[in-house]
Amino acid sequence: MGPIATTISRLYGIRGWTALGAFAAVLFIVFPVFSLLVPPSSPFHVSQYWVTLIGKIMCYAIVALAMDLVWGYAGILSLGHGLFFALGGYAMGMHLMRQIGREGQYQSDLPDFMVFLDWKEYPWHWWNTDQFWYAMLLVVLVPGLLAYVFGYFAFRSRVKGVYFSIITQALTFAAMLLFFRNATGFGGNNGFTDFKRILGFTIATPETRMALFAITGATLIGALLLGRWLVTSRFGRVLMAIRDAEQRVAFCGYNTVNYKLFIWTLSAVLCGIAGALYVPQVGIINPSEMSPANSIEIAIWVAVGGRGTLAGALVGAGVVNGAKSFFTQAFPEYWLYVLGLAFILVTLFMPHGLVGILRKWRATA
Amino acid sequence: MARNGMKPVEAIPLEESAPAAQDDTGTRYTHPVTPGEVDLSHGAILYLEDISVSFEGFRALNKLSLMIEVGELRCVIGPNGAGKTTMMDVITGRTRPDAGSCFFGQTIDLTRLSEAEIAHAGIGRKFQKPTIFEHHTVFENLELAMKADKTVRRTLFARLSSEERDRIAETLQLIRLTDRTDRIAGLLSHGQKQWLEIGMLLMQEPKLLLLDEPVAGMSDEETERTAELFVALAGAHSLVVVEHDMAFIEKIARKVTVLHEGSVIAEGPMTQVQNDPRVIEVYLGR
């Protein structure tokens, strides 16, 4: 076998690749055909609601995947991953705000909220954000750098377990308070919204939405394969060893700080990319994305799906968010109870999540 | 990476007149000294001198001095709380001493290195409680321990070469786990876990092995085999064995060091140490 064939068989078996192929076919063929070509009058038409909902859930699935890499494989429970997601979203949002041009309410070159605050020019941190490539650079660099610096000090000082989780929670909370302030220059509690176009395309047309949907799907599949490649490498085995017996890994001659820092930063970057894909599809970004509860929810997706499996993260993000959009419409006041109950039940009875149950069935069958 | 933080080497000026190189300053050296490599030219692999460690007022080590020779198999005994594990912690960089010096070979100052750097320099440690990677297979445990470039960049793209596979197979045979190669390590018996951990140490190709209670929980037969293994390893490796099992010590011991309250109270062949009045007092006197 050549090196490429070896890598392919290392990532997934025949069943795994078939499932992935089917998933890709649904995303890239079924959805576009039934949304764009089948007329809205037909019962088979896939409405904008579904395209947006599934696109949004796929963004969450990328975040869940990123979370699983640090929590499921390296044993680092982050309760602040929503921050990295939001930062990526804000970077994309800045660019989208500038793409509005003079079509805002005040017909000014500046975004409406800046006119409202009586600002005369863009603050320094908006420099160059009208350039798409620069905004994309921010999407990757801002969450990545923040994670790197934070992780460097935390891991080097051997902050672990609950303490680490609490600090990440505090970090996202502090950022949320910062972004709530109007003076920070990110639209205060309203955040950014009313986007008009992206790369010159009108953002609300079915075609643009389908393109964003497809890019999100491709990113999700790419992230899954990247994650799978990482965890099946020796690097991945070192990560899991760090999770199980960090001291032993150090005595084997591995500098565990570098390992944790690498996966932690990569995870944050993935979240940033997910956030950047989320904002143009959902049409809004505001500081509530940084609320501590949001970050805790990310951990719940992974726990429900099954930690340390990657596929479980996707399943968890899909199931929990699917249930969320159902409950928040049908029984809005009960959603939080359902979520809390689900978390308790999973912790008590399904330590390996939904994927763990599937595997058990398959093993006994 | 392993070289970061290592002390710049100062060669030792020679006193007697052996044939020697000479530099511009007139200082003469007997042999070249390579940074990061263990200099064993003086016959000793490990020097501890006047090491003291206190934990919140409790003196775990009190001016402990110890020298291990190259290829030696040294047994360290002592009652509970004598400082045996703390001594291992100091050597492996887990605990920093309050005072004293700790050298690996002539040149490597262990008190300045991290745990990973010390492992790279060539010191392997077996813990009191077997610490293996419970969720990995036996094979993967040995793979991870194997001496290799252990930077992130390399492990991302690492592939096992056929020589490396052979080395793992050899070690599997030595620790008698060949028929358990693909078993999850957490499912091994206690004795097998101890052996796996010893195997992991050997995969690191250390020059010095520190073994903290290696036969705890082993059956008599396993203990017997472990004794044979250690005796076979001495010479090519230097070993420091901390043990409570006196029968085991008697089987392997050449030189025994007795620790008490953080200091060495006796050192010498087993029979001599056993008859030392201070040792008898420490072991029987309370």
# chains A, B, ... in the order shown; residues from 1 in each chain; ligands from 1
call {"tool": "interface_residues", "arguments": {"of": "chain A", "to": "chain B", "cutoff": "9 Å", "atoms": "only C-alpha atoms", "output": "ChimeraX atom specification"}}
result
/A:229-230,233-238,240-242,244-245,247-256,258-259,262
call {"tool": "select_by_dssp", "arguments": {"residues": "range 100-209 of chain B", "states": "helix (DSSP H, G or I)", "output": "PyMOL selection string"}}
result
chain B and resi 110-112+115-121+138-145+152-157+162-174+178-180+185-187+190-203
call {"tool": "residues_around", "arguments": {"residues": "Glu121 in chain A", "least_positions_apart": "4", "cutoff": "9 Å", "atoms": "only C-alpha atoms", "output": "list in words"}}
result
Asp109, Leu110 and Met114 of chain A
call {"tool": "write_last_selection", "arguments": {"atoms": "N, CA and C atoms", "output": "PDB file, in the first residue's frame"}}
result
ATOM      1  N   ASP A 109     -20.801  56.107   5.966  1.00  0.00           N
ATOM      2  CA  ASP A 109     -19.745  55.129   5.702  1.00  0.00           C
ATOM      3  C   ASP A 109     -19.493  54.264   6.924  1.00  0.00           C
ATOM      4  N   LEU A 110     -19.855  54.805   8.077  1.00  0.00           N
ATOM      5  CA  LEU A 110     -19.634  54.066   9.312  1.00  0.00           C
ATOM      6  C   LEU A 110     -20.853  53.194   9.609  1.00  0.00           C
ATOM      7  N   MET A 114     -21.941  53.125  15.212  1.00  0.00           N
ATOM      8  CA  MET A 114     -20.896  54.131  15.416  1.00  0.00           C
ATOM      9  C   MET A 114     -21.462  55.533  15.192  1.00  0.00           C
TER      10      MET A 114
END
call {"tool": "closest_residue", "arguments": {"among": "B:Leu210, B:Val264, B:Met218, B:Ala169", "to": "Glu49 in chain B", "atoms": "only C-alpha atoms"}}
result
B:Val264
call {"tool": "closest_residue", "arguments": {"among": "A:Val26, A:Leu177, A:Val139, A:Leu146", "to": "Leu261 in chain A", "atoms": "only C-alpha atoms"}}
result
A:Leu146
call {"tool": "closest_residue", "arguments": {"among": "A:Gly72, A:Glu103, A:Leu345, A:Pro206", "to": "Pro40 in chain A", "atoms": "only C-alpha atoms"}}
result
A:Pro206
call {"tool": "select_by_dssp", "arguments": {"residues": "range 41-282 of chain B", "states": "strand (DSSP E)", "output": "number ranges by chain"}}
result
B: 44-55, 58-69, 73-77, 99-104, 108-109, 123-126, 208-212, 238-242, 255-260, 263-268
call {"tool": "residues_around", "arguments": {"residues": "Leu48 in chain B", "least_positions_apart": "3", "cutoff": "9 Å", "atoms": "only C-alpha atoms", "output": "JSON, numbers by chain"}}
result
{"B": [51, 64, 65, 66, 67, 68, 91, 100, 101, 102, 103, 104]}
call {"tool": "residues_around", "arguments": {"residues": "Val46 in chain A", "least_positions_apart": "5", "cutoff": "10 Å", "atoms": "only C-alpha atoms", "output": "compact mmCIF listing (two decimals) with N, CA and C atoms, in the first residue's frame"}}
result
# COMPACT_ATOMS: atom_id res chain seq x y z
N VAL A 30 -28.22 16.28 -2.28
CA VAL A 30 -29.63 16.29 -1.90
C VAL A 30 -30.08 17.70 -1.51
N PHE A 31 -29.32 18.32 -0.62
CA PHE A 31 -29.75 19.65 -0.16
C PHE A 31 -29.83 20.68 -1.28
N PRO A 32 -28.76 20.86 -2.08
CA PRO A 32 -28.86 21.86 -3.16
C PRO A 32 -29.99 21.56 -4.13
N VAL A 33 -30.15 20.28 -4.51
CA VAL A 33 -31.18 19.95 -5.50
C VAL A 33 -32.57 20.24 -4.94
N PHE A 34 -32.83 19.77 -3.73
CA PHE A 34 -34.18 19.92 -3.20
C PHE A 34 -34.46 21.33 -2.68
N SER A 35 -33.41 22.12 -2.52
CA SER A 35 -33.65 23.48 -2.06
C SER A 35 -33.71 24.46 -3.24
N LEU A 36 -32.82 24.29 -4.22
CA LEU A 36 -32.73 25.27 -5.30
C LEU A 36 -33.53 24.86 -6.53
N LEU A 37 -33.52 23.56 -6.89
CA LEU A 37 -34.14 23.14 -8.15
C LEU A 37 -35.60 22.77 -7.98
N VAL A 38 -35.93 22.12 -6.85
CA VAL A 38 -37.33 21.75 -6.63
C VAL A 38 -38.10 23.01 -6.24
N PRO A 39 -39.19 23.33 -6.95
CA PRO A 39 -39.90 24.60 -6.67
C PRO A 39 -40.57 24.58 -5.29
N PRO A 40 -40.72 25.75 -4.69
CA PRO A 40 -41.28 25.85 -3.34
C PRO A 40 -42.67 25.23 -3.22
N VAL A 51 -32.32 24.93 5.62
CA VAL A 51 -30.93 25.17 5.18
C VAL A 51 -30.18 25.94 6.27
call {"tool": "atom_distance", "arguments": {"atom1": "CA of Met176 in chain A", "atom2": "CA of Phe195 in chain A"}}
result
21.9 Å
